[in-house]
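Note: the block below is run_31.pdb and it holds PDB, C-alpha atoms and all ligand atoms.
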ATOM      1  CA  MET A   9     -11.446 -25.884  -1.353
ATOM      2  CA  SER A  10      -9.492 -23.246   0.491
ATOM      3  CA  ARG A  11      -9.607 -19.719  -0.850
ATOM      4  CA  SER A  12      -6.536 -18.340  -2.536
ATOM      5  CA  ARG A  13      -4.429 -16.090  -0.472
ATOM      6  CA  VAL A  14      -3.596 -12.417  -0.813
ATOM      7  CA  LEU A  15      -1.008 -10.439   1.103
ATOM      8  CA  SER A  16       0.023  -6.824   1.152
ATOM      9  CA  GLY A  17       1.795  -4.349   3.387
ATOM     10  CA  ILE A  18       2.003  -0.614   3.721
ATOM     11  CA  GLN A  19       4.494   1.590   5.490
ATOM     12  CA  PRO A  20       3.318   3.646   8.437
ATOM     13  CA  THR A  21       3.490   7.337   7.602
ATOM     14  CA  GLY A  22       3.019  10.418   9.746
ATOM     15  CA  THR A  23       0.748  12.248   7.389
ATOM     16  CA  GLY A  24      -1.430   9.248   6.669
ATOM     17  CA  LYS A  25      -2.498   7.930   3.289
ATOM     18  CA  HIS A  26      -3.536   9.990   0.301
ATOM     19  CA  LEU A  27      -6.012   9.555  -2.519
ATOM     20  CA  GLY A  28      -3.396   7.831  -4.704
ATOM     21  CA  ASN A  29      -2.626   5.256  -1.974
ATOM     22  CA  TYR A  30      -6.316   4.625  -1.483
ATOM     23  CA  LEU A  31      -7.196   4.223  -5.147
ATOM     24  CA  GLY A  32      -3.974   2.378  -5.976
ATOM     25  CA  ALA A  33      -3.902  -0.142  -3.185
ATOM     26  CA  VAL A  34      -6.069  -0.049  -0.099
ATOM     27  CA  ARG A  35      -9.399   0.151  -1.925
ATOM     28  CA  HIS A  36      -8.512  -3.143  -3.586
ATOM     29  CA  TRP A  37      -7.448  -4.712  -0.315
ATOM     30  CA  ALA A  38     -10.878  -4.012   1.099
ATOM     31  CA  ALA A  39     -12.593  -5.398  -1.985
ATOM     32  CA  MET A  40     -10.517  -8.589  -2.048
ATOM     33  CA  GLN A  41     -11.609  -9.701   1.388
ATOM     34  CA  ASP A  42     -14.825 -11.315   0.136
ATOM     35  CA  GLU A  43     -13.066 -13.594  -2.228
ATOM     36  CA  PHE A  44      -9.631 -14.261  -0.742
ATOM     37  CA  GLU A  45      -7.972 -15.149   2.506
ATOM     38  CA  CYS A  46      -6.144 -11.893   3.228
ATOM     39  CA  PHE A  47      -3.091 -10.937   5.255
ATOM     40  CA  PHE A  48      -2.490  -7.189   5.579
ATOM     41  CA  PHE A  49       0.192  -5.593   7.665
ATOM     42  CA  VAL A  50       1.803  -2.322   8.653
ATOM     43  CA  ALA A  51       5.474  -2.471   7.639
ATOM     44  CA  ASP A  52       6.936  -0.933  10.765
ATOM     45  CA  LEU A  53      10.321  -2.641  10.335
ATOM     46  CA  HIS A  54      10.655  -1.151   6.875
ATOM     47  CA  ALA A  55       9.853   2.253   8.359
ATOM     48  CA  LEU A  56      12.884   2.034  10.644
ATOM     49  CA  THR A  57      15.091   2.521   7.579
ATOM     50  CA  THR A  58      14.307   6.223   7.930
ATOM     51  CA  THR A  59      15.194   6.159  11.683
ATOM     52  CA  PRO A  60      12.124   8.049  12.895
ATOM     53  CA  ASP A  61      11.777   9.320  16.444
ATOM     54  CA  PRO A  62      10.478   6.362  18.565
ATOM     55  CA  ALA A  63       7.331   8.102  19.815
ATOM     56  CA  GLU A  64       6.598   9.235  16.283
ATOM     57  CA  GLN A  65       7.135   5.704  14.956
ATOM     58  CA  ARG A  66       4.611   4.285  17.469
ATOM     59  CA  ASP A  67       2.106   6.986  16.653
ATOM     60  CA  ARG A  68       2.442   6.427  12.913
ATOM     61  CA  THR A  69       1.955   2.695  13.272
ATOM     62  CA  ARG A  70      -1.272   3.192  15.236
ATOM     63  CA  ARG A  71      -2.550   5.865  12.883
ATOM     64  CA  THR A  72      -1.845   3.796   9.821
ATOM     65  CA  THR A  73      -3.635   0.822  11.382
ATOM     66  CA  ALA A  74      -6.622   3.051  12.162
ATOM     67  CA  GLU A  75      -6.658   4.308   8.589
ATOM     68  CA  LEU A  76      -6.623   0.781   7.207
ATOM     69  CA  LEU A  77      -9.572  -0.125   9.430
ATOM     70  CA  ALA A  78     -11.340   3.051   8.352
ATOM     71  CA  MET A  79     -10.700   2.278   4.698
ATOM     72  CA  GLY A  80     -12.439  -1.047   5.046
ATOM     73  CA  VAL A  81      -9.910  -3.644   6.167
ATOM     74  CA  ASP A  82     -12.054  -5.937   8.290
ATOM     75  CA  PRO A  83     -10.230  -7.772  11.077
ATOM     76  CA  SER A  84     -13.018 -10.305  11.437
ATOM     77  CA  ARG A  85     -12.264 -11.537   7.914
ATOM     78  CA  SER A  86      -8.598 -10.667   7.400
ATOM     79  CA  ALA A  87      -5.446 -10.836   9.473
ATOM     80  CA  LEU A  88      -4.416  -7.235  10.102
ATOM     81  CA  PHE A  89      -1.111  -7.057  11.920
ATOM     82  CA  CYS A  90       2.050  -5.216  12.584
ATOM     83  CA  GLN A  91       5.152  -6.633  10.870
ATOM     84  CA  SER A  92       7.380  -6.470  13.966
ATOM     85  CA  HIS A  93       4.881  -8.578  15.941
ATOM     86  CA  VAL A  94       5.809 -11.517  13.744
ATOM     87  CA  PRO A  95       9.561 -11.864  14.302
ATOM     88  CA  GLU A  96       9.726 -14.646  11.707
ATOM     89  CA  HIS A  97       9.780 -11.930   9.010
ATOM     90  CA  ALA A  98      13.235 -10.761  10.046
ATOM     91  CA  GLU A  99      14.446 -14.326  10.354
ATOM     92  CA  LEU A 100      13.297 -15.282   6.866
ATOM     93  CA  ALA A 101      14.825 -12.071   5.532
ATOM     94  CA  TRP A 102      18.195 -13.282   6.782
ATOM     95  CA  VAL A 103      17.845 -16.611   5.019
ATOM     96  CA  LEU A 104      16.739 -14.948   1.777
ATOM     97  CA  GLY A 105      19.501 -12.365   2.093
ATOM     98  CA  CYS A 106      21.968 -15.223   1.883
ATOM     99  CA  LEU A 107      20.465 -16.115  -1.499
ATOM    100  CA  THR A 108      20.514 -12.551  -2.836
ATOM    101  CA  GLY A 109      23.434 -11.335  -4.904
ATOM    102  CA  PHE A 110      25.095  -8.110  -3.859
ATOM    103  CA  GLY A 111      24.791  -6.828  -7.425
ATOM    104  CA  GLU A 112      21.167  -7.888  -7.591
ATOM    105  CA  ALA A 113      20.297  -5.863  -4.491
ATOM    106  CA  SER A 114      22.355  -2.925  -5.778
ATOM    107  CA  ARG A 115      20.230  -2.734  -8.916
ATOM    108  CA  MET A 116      16.985  -1.989  -7.050
ATOM    109  CA  THR A 117      15.919   1.426  -8.322
ATOM    110  CA  GLN A 118      14.297   2.536  -5.068
ATOM    111  CA  PHE A 119      17.588   2.002  -3.285
ATOM    112  CA  LYS A 120      19.537   3.806  -5.976
ATOM    113  CA  GLU A 121      17.111   6.735  -5.959
ATOM    114  CA  LYS A 122      17.553   7.187  -2.221
ATOM    115  CA  GLY A 123      21.275   7.612  -2.854
ATOM    116  CA  GLY A 124      22.896   5.148  -0.492
ATOM    117  CA  GLY A 125      22.008   5.345   3.201
ATOM    118  CA  ASN A 126      21.966   2.509   5.709
ATOM    119  CA  VAL A 127      22.219  -1.249   5.207
ATOM    120  CA  GLY A 128      18.537  -1.576   6.148
ATOM    121  CA  LEU A 129      17.657   0.422   3.073
ATOM    122  CA  PHE A 130      19.867  -1.850   1.002
ATOM    123  CA  THR A 131      18.209  -5.033   2.251
ATOM    124  CA  TYR A 132      14.721  -3.486   2.296
ATOM    125  CA  PRO A 133      13.542  -5.510  -0.749
ATOM    126  CA  VAL A 134      14.809  -8.753   0.821
ATOM    127  CA  LEU A 135      12.704  -8.121   3.915
ATOM    128  CA  GLN A 136       9.793  -7.380   1.620
ATOM    129  CA  ALA A 137      10.349 -10.707  -0.146
ATOM    130  CA  ALA A 138      10.292 -12.416   3.257
ATOM    131  CA  ASP A 139       7.041 -10.620   4.178
ATOM    132  CA  ILE A 140       5.449 -11.991   1.068
ATOM    133  CA  LEU A 141       6.851 -15.508   0.723
ATOM    134  CA  MET A 142       6.151 -16.305   4.379
ATOM    135  CA  TYR A 143       2.397 -16.543   3.707
ATOM    136  CA  ARG A 144       2.531 -18.229   0.285
ATOM    137  CA  PRO A 145       0.089 -15.774  -1.286
ATOM    138  CA  GLN A 146      -0.960 -16.203  -4.915
ATOM    139  CA  SER A 147      -1.418 -12.488  -5.351
ATOM    140  CA  VAL A 148       0.120  -9.292  -3.970
ATOM    141  CA  PRO A 149      -1.838  -6.066  -4.626
ATOM    142  CA  VAL A 150       0.659  -3.192  -4.784
ATOM    143  CA  GLY A 151       1.264   0.096  -6.514
ATOM    144  CA  GLU A 152       3.239   0.353  -9.724
ATOM    145  CA  ASP A 153       6.378   1.471  -7.814
ATOM    146  CA  GLN A 154       6.645  -1.944  -6.151
ATOM    147  CA  ARG A 155       6.910  -3.947  -9.356
ATOM    148  CA  GLN A 156      10.682  -4.410  -9.167
ATOM    149  CA  HIS A 157      10.494  -5.595  -5.554
ATOM    150  CA  LEU A 158       7.914  -8.156  -6.621
ATOM    151  CA  GLU A 159      10.229  -9.352  -9.390
ATOM    152  CA  LEU A 160      13.012  -9.898  -6.859
ATOM    153  CA  THR A 161      10.538 -11.746  -4.628
ATOM    154  CA  ARG A 162       9.625 -14.069  -7.475
ATOM    155  CA  ASP A 163      13.295 -14.675  -8.313
ATOM    156  CA  LEU A 164      14.091 -15.504  -4.693
ATOM    157  CA  ALA A 165      11.131 -17.889  -4.433
ATOM    158  CA  GLN A 166      12.305 -19.738  -7.543
ATOM    159  CA  ARG A 167      15.900 -19.783  -6.380
ATOM    160  CA  PHE A 168      14.968 -21.171  -2.975
ATOM    161  CA  ASN A 169      12.646 -23.773  -4.498
ATOM    162  CA  GLY A 170      15.296 -24.796  -7.028
ATOM    163  CA  ARG A 171      17.933 -25.220  -4.406
ATOM    164  CA  TYR A 172      16.010 -26.650  -1.450
ATOM    165  CA  GLY A 173      12.861 -28.125  -2.995
ATOM    166  CA  GLU A 174       9.360 -26.696  -3.570
ATOM    167  CA  THR A 175       8.676 -24.469  -0.586
ATOM    168  CA  PHE A 176       7.367 -21.108  -1.721
ATOM    169  CA  VAL A 177       4.562 -20.046  -4.019
ATOM    170  CA  VAL A 178       5.813 -17.725  -6.771
ATOM    171  CA  PRO A 179       3.427 -14.780  -6.281
ATOM    172  CA  GLU A 180       1.787 -12.641  -8.945
ATOM    173  CA  PRO A 181       1.848  -8.875  -8.595
ATOM    174  CA  TYR A 182      -1.598  -7.284  -8.862
ATOM    175  CA  VAL A 183      -0.802  -3.764 -10.004
ATOM    176  CA  GLN A 184      -3.398  -1.053 -10.416
ATOM    177  CA  ARG A 185      -2.365   1.162 -13.278
ATOM    178  CA  ALA A 186      -5.198   3.692 -13.169
ATOM    179  CA  ALA A 187      -4.130   4.984  -9.813
ATOM    180  CA  ALA A 188      -0.560   5.546 -10.957
ATOM    181  CA  ARG A 189      -2.051   8.405 -12.899
ATOM    182  CA  ILE A 190      -3.302  10.323  -9.855
ATOM    183  CA  LYS A 191      -1.205  13.494  -9.876
ATOM    184  CA  ASP A 192      -0.503  16.302  -7.478
ATOM    185  CA  LEU A 193      -3.269  18.925  -7.701
ATOM    186  CA  GLN A 194      -0.786  21.776  -7.761
ATOM    187  CA  GLU A 195       1.842  20.110  -9.924
ATOM    188  CA  PRO A 196      -0.018  17.766 -12.260
ATOM    189  CA  ALA A 197       3.219  16.670 -13.911
ATOM    190  CA  ALA A 198       4.203  14.841 -10.709
ATOM    191  CA  LYS A 199       2.564  11.930  -8.884
ATOM    192  CA  MET A 200       0.501  12.683  -5.792
ATOM    193  CA  SER A 201       2.946  11.661  -3.072
ATOM    194  CA  THR A 202       3.429  11.485   0.662
ATOM    195  CA  SER A 203       6.780  13.230   0.510
ATOM    196  CA  ARG A 204       5.548  16.225  -1.460
ATOM    197  CA  GLY A 205       2.433  16.733   0.687
ATOM    198  CA  GLY A 206       1.109  20.275   0.676
ATOM    199  CA  PRO A 207      -2.024  21.672  -0.944
ATOM    200  CA  GLY A 208      -1.726  19.346  -3.938
ATOM    201  CA  THR A 209      -2.196  16.177  -1.868
ATOM    202  CA  LEU A 210      -5.608  14.920  -0.741
ATOM    203  CA  TRP A 211      -5.258  13.032   2.533
ATOM    204  CA  VAL A 212      -7.810  10.374   3.313
ATOM    205  CA  VAL A 213      -8.524  12.004   6.675
ATOM    206  CA  ASP A 214      -8.663  15.605   5.451
ATOM    207  CA  GLU A 215     -11.718  17.491   6.639
ATOM    208  CA  PRO A 216     -14.379  17.923   3.946
ATOM    209  CA  LYS A 217     -13.798  21.659   3.736
ATOM    210  CA  VAL A 218     -10.069  21.113   3.262
ATOM    211  CA  ILE A 219     -10.708  18.633   0.449
ATOM    212  CA  THR A 220     -13.083  21.067  -1.216
ATOM    213  CA  LYS A 221     -10.619  23.902  -0.928
ATOM    214  CA  LYS A 222      -7.728  21.863  -2.329
ATOM    215  CA  ILE A 223      -9.777  20.718  -5.305
ATOM    216  CA  LYS A 224     -11.181  24.160  -5.997
ATOM    217  CA  SER A 225      -7.648  25.586  -5.951
ATOM    218  CA  ALA A 226      -6.201  22.822  -8.124
ATOM    219  CA  VAL A 227      -4.254  24.260 -11.042
ATOM    220  CA  THR A 228      -6.181  24.155 -14.268
ATOM    221  CA  ASP A 229      -5.181  24.757 -17.817
ATOM    222  CA  THR A 230      -5.810  27.431 -20.388
ATOM    223  CA  GLY A 231      -9.104  27.214 -22.261
ATOM    224  CA  ARG A 232     -12.340  26.323 -20.597
ATOM    225  CA  GLU A 233     -13.337  22.921 -21.880
ATOM    226  CA  VAL A 234     -13.424  19.958 -19.559
ATOM    227  CA  ARG A 235     -11.524  17.409 -21.621
ATOM    228  CA  ALA A 236      -8.477  15.191 -21.174
ATOM    229  CA  GLY A 237      -5.298  15.705 -23.177
ATOM    230  CA  ASP A 238      -1.537  16.181 -22.921
ATOM    231  CA  ASP A 239      -2.042  19.925 -23.195
ATOM    232  CA  LYS A 240      -4.374  19.837 -20.179
ATOM    233  CA  PRO A 241      -2.611  17.982 -17.347
ATOM    234  CA  GLY A 242      -4.588  19.662 -14.536
ATOM    235  CA  ILE A 243      -8.042  18.944 -15.956
ATOM    236  CA  THR A 244      -6.951  15.475 -17.062
ATOM    237  CA  ASN A 245      -5.956  14.700 -13.475
ATOM    238  CA  LEU A 246      -9.293  15.904 -12.106
ATOM    239  CA  LEU A 247     -11.118  13.871 -14.763
ATOM    240  CA  THR A 248      -9.110  10.784 -13.781
ATOM    241  CA  ILE A 249      -9.990  11.332 -10.142
ATOM    242  CA  LEU A 250     -13.688  11.784 -10.838
ATOM    243  CA  SER A 251     -13.674   8.821 -13.183
ATOM    244  CA  VAL A 252     -12.022   6.438 -10.717
ATOM    245  CA  VAL A 253     -14.126   7.655  -7.807
ATOM    246  CA  SER A 254     -17.460   7.580  -9.677
ATOM    247  CA  GLY A 255     -16.760   4.594 -11.912
ATOM    248  CA  ARG A 256     -17.752   6.635 -14.996
ATOM    249  CA  PRO A 257     -15.380   6.567 -17.974
ATOM    250  CA  VAL A 258     -13.511   9.796 -18.787
ATOM    251  CA  ALA A 259     -15.126   9.966 -22.244
ATOM    252  CA  GLU A 260     -18.575   9.945 -20.665
ATOM    253  CA  LEU A 261     -17.585  12.701 -18.238
ATOM    254  CA  GLU A 262     -16.242  14.817 -21.104
ATOM    255  CA  VAL A 263     -19.647  14.637 -22.761
ATOM    256  CA  ALA A 264     -21.466  15.346 -19.503
ATOM    257  CA  TYR A 265     -19.406  18.521 -18.931
ATOM    258  CA  GLU A 266     -19.634  19.852 -22.457
ATOM    259  CA  GLY A 267     -20.448  23.540 -22.350
ATOM    260  CA  LYS A 268     -19.957  23.711 -18.573
ATOM    261  CA  GLY A 269     -17.089  25.579 -16.937
ATOM    262  CA  TYR A 270     -14.226  24.518 -14.698
ATOM    263  CA  GLY A 271     -16.034  25.839 -11.614
ATOM    264  CA  GLU A 272     -18.981  23.505 -11.838
ATOM    265  CA  PHE A 273     -16.720  20.584 -12.740
ATOM    266  CA  LYS A 274     -14.413  21.151  -9.786
ATOM    267  CA  ALA A 275     -17.365  21.441  -7.419
ATOM    268  CA  ASP A 276     -18.537  18.003  -8.573
ATOM    269  CA  VAL A 277     -15.064  16.481  -8.193
ATOM    270  CA  ALA A 278     -14.879  17.895  -4.670
ATOM    271  CA  GLU A 279     -18.298  16.543  -3.803
ATOM    272  CA  ALA A 280     -17.395  13.072  -5.056
ATOM    273  CA  VAL A 281     -14.126  12.929  -3.098
ATOM    274  CA  VAL A 282     -15.778  14.283   0.061
ATOM    275  CA  ALA A 283     -18.510  11.639  -0.222
ATOM    276  CA  LEU A 284     -15.825   8.971  -0.563
ATOM    277  CA  PHE A 285     -13.665  10.102   2.352
ATOM    278  CA  GLU A 286     -16.222  11.445   4.810
ATOM    279  CA  PRO A 287     -17.128   8.013   6.212
ATOM    280  CA  VAL A 288     -13.451   7.028   6.216
ATOM    281  CA  ARG A 289     -12.572  10.061   8.276
ATOM    282  CA  ARG A 290     -15.425   9.400  10.722
ATOM    283  CA  ARG A 291     -14.392   5.792  11.264
ATOM    284  CA  TYR A 292     -10.756   6.824  11.622
ATOM    285  CA  LEU A 293     -11.592   9.263  14.407
ATOM    286  CA  GLU A 294     -13.679   6.613  16.164
ATOM    287  CA  VAL A 295     -10.931   4.013  15.999
ATOM    288  CA  MET A 296      -8.317   6.485  17.250
ATOM    289  CA  GLN A 297     -10.427   7.116  20.345
ATOM    290  CA  ASP A 298      -9.920   3.580  21.557
ATOM    291  CA  PRO A 299      -6.224   2.671  21.410
ATOM    292  CA  ALA A 300      -6.740  -0.441  23.556
ATOM    293  CA  ALA A 301      -9.201  -1.867  21.042
ATOM    294  CA  LEU A 302      -6.804  -1.055  18.231
ATOM    295  CA  ASP A 303      -3.940  -2.825  19.987
ATOM    296  CA  GLY A 304      -6.279  -5.776  20.563
ATOM    297  CA  ILE A 305      -6.992  -6.006  16.843
ATOM    298  CA  LEU A 306      -3.263  -6.019  16.086
ATOM    299  CA  LYS A 307      -2.685  -8.706  18.684
ATOM    300  CA  GLN A 308      -5.359 -10.934  17.231
ATOM    301  CA  GLY A 309      -3.993 -10.323  13.718
ATOM    302  CA  ALA A 310      -0.458 -11.223  14.795
ATOM    303  CA  GLU A 311      -1.694 -14.454  16.349
ATOM    304  CA  ARG A 312      -3.253 -15.495  13.065
ATOM    305  CA  ALA A 313      -0.201 -14.445  11.087
ATOM    306  CA  ARG A 314       2.169 -16.260  13.427
ATOM    307  CA  GLU A 315       0.385 -19.553  12.971
ATOM    308  CA  VAL A 316       1.316 -19.426   9.303
ATOM    309  CA  ALA A 317       4.730 -17.837   9.838
ATOM    310  CA  ALA A 318       5.800 -20.382  12.458
ATOM    311  CA  SER A 319       4.887 -23.239  10.192
ATOM    312  CA  THR A 320       6.712 -21.715   7.208
ATOM    313  CA  MET A 321       9.826 -21.160   9.291
ATOM    314  CA  THR A 322       9.849 -24.720  10.603
ATOM    315  CA  THR A 323       9.974 -25.899   7.006
ATOM    316  CA  VAL A 324      12.558 -23.289   5.981
ATOM    317  CA  ARG A 325      14.897 -24.070   8.867
ATOM    318  CA  GLU A 326      14.723 -27.724   8.113
ATOM    319  CA  ARG A 327      15.223 -27.231   4.367
ATOM    320  CA  VAL A 328      18.297 -25.038   4.697
ATOM    321  CA  GLY A 329      19.915 -27.301   7.283
ATOM    322  CA  LEU A 330      19.484 -25.530  10.612
ATOM    323  CA  LEU A 331      19.312 -27.955  13.537
ATOM    324  CA  PRO A 332      15.965 -28.167  15.299
ATOM    325  CA  ALA A 333      16.035 -26.337  18.634
ATOM    326  CA  THR A 334      14.539 -29.222  20.568
TER     327      THR A 334
HETATM  328  N1  LIG B   1       7.530  -1.535   0.150
HETATM  329  C1  LIG B   1       6.105  -1.411   0.229
HETATM  330  C2  LIG B   1       5.724   0.051  -0.041
HETATM  331  O1  LIG B   1       6.491   0.934   0.235
HETATM  332  C3  LIG B   1       5.561  -1.817   1.567
HETATM  333  C4  LIG B   1       5.731  -3.265   1.791
HETATM  334  C5  LIG B   1       6.582  -3.864   2.679
HETATM  335  C6  LIG B   1       5.029  -4.307   1.121
HETATM  336  N2  LIG B   1       6.449  -5.196   2.620
HETATM  337  C7  LIG B   1       5.519  -5.518   1.681
HETATM  338  C8  LIG B   1       4.059  -4.326   0.124
HETATM  339  C9  LIG B   1       5.055  -6.734   1.226
HETATM  340  C10 LIG B   1       3.599  -5.569  -0.325
HETATM  341  C11 LIG B   1       4.090  -6.752   0.227
HETATM  342  O2  LIG B   1       4.632   0.300  -0.484
END

Can I see the file as structure tokens?
Amino acid sequence: MSRSRVLSGIQPTGTGKHLGNYLGAVRHWAAMQDEFECFFFVADLHALTTTPDPAEQRDRTRRTTAELLAMGVDPSRSALFCQSHVPEHAELAWVLGCLTGFGEASRMTQFKEKGGGNVGLFTYPVLQAADILMYRPQSVPVGEDQRQHLELTRDLAQRFNGRYGETFVVPEPYVQRAAARIKDLQEPAAKMSTSRGGPGTLWVVDEPKVITKKIKSAVTDTGREVRAGDDKPGITNLLTILSVVSGRPVAELEVAYEGKGYGEFKADVAEAVVALFEPVRRRYLEVMQDPAALDGILKQGAERAREVAASTMTTVRERVGLLPAT
């Protein structure tokens, strides 16, 4: 029996990925490779919605690919590719766009939050639906913020199937809630985020001494007990981080740190995060030293992805009534 299929994508970013991205998504991608047939890609077309400088865009795409490899995406088991190398994505997005209501697209909260902008931003979720449906995955591991886009994807799959016959698999979102709770170290009321950056964000490729410094300077709360609670957002965040990284429940950590101060606790959190990211950083630097090998990996990934994408598009074209080209 063939393994069930998983797909996910991530936008290329200049600063790289942070602890929340790792714990919320990429860690699970790496873990899913044993059990599932995986397709992972860098969403470089989606990134164009912010019209980055071209050299910067290329650099981000390579760096994000290197980070994914460093975080454990294994190109010998999974297809790792760049979205724009599979032009079928944009083609399917057009077809799905013709099945998407204007009002439906207008209701997407991410679009509304960005306050207008270009048409690419408006149709962003339709391209995302195309990314997903193309490969007929059963499951799509994403962060909590992508839930609405996944809902639209499911609606479009059902609409297409209802109108043109069973074509797409209606995918299940696989959302990691724990990681949604990773907060900024300096502003524990807010999510750790790429756009905020700064000393409250732990980048996957931060040097160990930078990680240690950021954690030791994390804002803490009044009192001196290491326990979670609404009145202690800073310590709660650090407990969440240590818990997710070490696999030990928060309640157990609270007991372990009874009678100990913030200093000792923070030192342990720092040590745990450094131990997690040190090998990632080393692999990242290695991969970045060989851009030709990296491009080769993307090429091989795109070849695998295109086999599936070409076959999906042959079916889609036929189903919607486009004449065959030959
Ligand atoms: N929108 C996603 C994000 O910002 C990235 C993305 C693009 C994606 N296409 C996708 C995620 C398809 C999952 C599946 O995180």

Residues within 8 Å of (16.1, -25.1, -2.9), file coords, all atoms listed in the file, listed as a ChimeraX atom specification:
/A:167-175,327-328

Rank nothing, just name the residue among A:Pro241, A:Gly151, A:Gly28, A:Gly206 nearest to ligand LIG 1 (chain B), using all atoms listed in the file.
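Smallest separation from ligand LIG 1 (chain B) among the options: A:Gly151.
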
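Across A:Arg71, A:Arg291, A:Val258, A:Thr57, the tightest approach to Tyr132 (chain A) is made by A:Thr57 when counting all atoms listed in the file.
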
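The shortest atom-to-atom distance to ligand LIG 1 (chain B), with all atoms listed in the file taken into account, belongs to A:Asp139 out of A:Glu180, A:Glu112, A:Asp139, A:Asp67.
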
So, with all atoms listed in the file as the atoms that count, which of A:Gly22, A:Asp239, A:Ala55, A:Val127 lies closest to Ala197 (chain A)?
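Between A:Gly22, A:Asp239, A:Ala55, A:Val127, the residue approaching Ala197 (chain A) most closely is A:Asp239.
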
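Coordinates place CA of Asp52 (chain A) at a distance of 17.1 Å from CA of Gln308 (chain A).
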
Return the padded bounding box of region 88-104 of chain A as AutoDock Vina command-line options: axis-aligned, built from all atoms listed in the file, 8 Å added on each side, with centre and edge lengths in Å to one decimal.
--center_x 6.9 --center_y -10.9 --center_z 8.9 --size_x 38.6 --size_y 27.4 --size_z 30.2

Env. residues ligand LIG 1 (chain B) / 6 Å / only C-alpha atoms and all ligand atoms / as a list in words
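Using only C-alpha atoms and all ligand atoms, everything at most 6 Å from ligand LIG 1 (chain B) comes to Ser16, Gly17, Ile18, Gln19, Ala51, Gln136, Asp139, Ile140 and Val150 of chain A.
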
Next, write the just-selected residues to a file, as a PDB file, in the coordinates of the input, keeping C-alpha atoms as the atom set.
ATOM      1  CA  SER A  16       0.023  -6.824   1.152  1.00  0.00           C
ATOM      2  CA  GLY A  17       1.795  -4.349   3.387  1.00  0.00           C
ATOM      3  CA  ILE A  18       2.003  -0.614   3.721  1.00  0.00           C
ATOM      4  CA  GLN A  19       4.494   1.590   5.490  1.00  0.00           C
ATOM      5  CA  ALA A  51       5.474  -2.471   7.639  1.00  0.00           C
ATOM      6  CA  GLN A 136       9.793  -7.380   1.620  1.00  0.00           C
ATOM      7  CA  ASP A 139       7.041 -10.620   4.178  1.00  0.00           C
ATOM      8  CA  ILE A 140       5.449 -11.991   1.068  1.00  0.00           C
ATOM      9  CA  VAL A 150       0.659  -3.192  -4.784  1.00  0.00           C
TER      10      VAL A 150
END

Starting from the shown file, work through the PyMOL selection byres (((chain A and resi 213) around 9) and not hetatm) and note down what comes out as a PyMOL selection string.
chain A and resi 24-26+75+210-212+214-216+285-286+288-290+292-293

Starting from the point (-4.0, -10.1, 14.4), work out which residues of protein, DNA or RNA have an atom no more than 10 Å away when counting all atoms listed in the file; state them as a list in words.
Phe47, Phe48, Phe49, Pro83, Ser84, Ser86, Ala87, Leu88, Phe89, Cys90, His93, Val94, Asp303, Gly304, Ile305, Leu306, Lys307, Gln308, Gly309, Ala310, Glu311, Arg312, Ala313 and Arg314 of chain A

Produce a file of the selected residues containing C-alpha atoms, as a PDB file, in the frame of the given file.
ATOM      1  CA  PHE A  47      -3.091 -10.937   5.255  1.00  0.00           C
ATOM      2  CA  PHE A  48      -2.490  -7.189   5.579  1.00  0.00           C
ATOM      3  CA  PHE A  49       0.192  -5.593   7.665  1.00  0.00           C
ATOM      4  CA  PRO A  83     -10.230  -7.772  11.077  1.00  0.00           C
ATOM      5  CA  SER A  84     -13.018 -10.305  11.437  1.00  0.00           C
ATOM      6  CA  SER A  86      -8.598 -10.667   7.400  1.00  0.00           C
ATOM      7  CA  ALA A  87      -5.446 -10.836   9.473  1.00  0.00           C
ATOM      8  CA  LEU A  88      -4.416  -7.235  10.102  1.00  0.00           C
ATOM      9  CA  PHE A  89      -1.111  -7.057  11.920  1.00  0.00           C
ATOM     10  CA  CYS A  90       2.050  -5.216  12.584  1.00  0.00           C
ATOM     11  CA  HIS A  93       4.881  -8.578  15.941  1.00  0.00           C
ATOM     12  CA  VAL A  94       5.809 -11.517  13.744  1.00  0.00           C
ATOM     13  CA  ASP A 303      -3.940  -2.825  19.987  1.00  0.00           C
ATOM     14  CA  GLY A 304      -6.279  -5.776  20.563  1.00  0.00           C
ATOM     15  CA  ILE A 305      -6.992  -6.006  16.843  1.00  0.00           C
ATOM     16  CA  LEU A 306      -3.263  -6.019  16.086  1.00  0.00           C
ATOM     17  CA  LYS A 307      -2.685  -8.706  18.684  1.00  0.00           C
ATOM     18  CA  GLN A 308      -5.359 -10.934  17.231  1.00  0.00           C
ATOM     19  CA  GLY A 309      -3.993 -10.323  13.718  1.00  0.00           C
ATOM     20  CA  ALA A 310      -0.458 -11.223  14.795  1.00  0.00           C
ATOM     21  CA  GLU A 311      -1.694 -14.454  16.349  1.00  0.00           C
ATOM     22  CA  ARG A 312      -3.253 -15.495  13.065  1.00  0.00           C
ATOM     23  CA  ALA A 313      -0.201 -14.445  11.087  1.00  0.00           C
ATOM     24  CA  ARG A 314       2.169 -16.260  13.427  1.00  0.00           C
TER      25      ARG A 314
END

What does the structure give for the distance between CA of Gly105 (chain A) and CA of Arg162 (chain A), in Å to one decimal?
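Result for CA of Gly105 (chain A) versus CA of Arg162 (chain A): 13.9 Å, one decimal.
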
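Interatomic distance, CA of Val316 (chain A) to CA of Tyr143 (chain A): 6.4 Å.
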
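In this comparison, which uses all atoms listed in the file, the residue of A:Phe110, A:Trp37, A:Phe130, A:Phe273 approaching Ile223 (chain A) most closely is A:Phe273.
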
If we count only C-alpha atoms and set the cut-off at 8 Å, which residues sit around Gly208 (chain A), ignoring sequence neighbours fewer than 3 positions away in its own chain? Please answer as a CSV table (one decimal) with C-alpha atoms, in the frame of the given file.
chain,number,residue,atom,x,y,z
A,192,ASP,CA,-0.5,16.3,-7.5
A,193,LEU,CA,-3.3,18.9,-7.7
A,194,GLN,CA,-0.8,21.8,-7.8
A,195,GLU,CA,1.8,20.1,-9.9
A,200,MET,CA,0.5,12.7,-5.8
A,205,GLY,CA,2.4,16.7,0.7
A,222,LYS,CA,-7.7,21.9,-2.3
A,226,ALA,CA,-6.2,22.8,-8.1
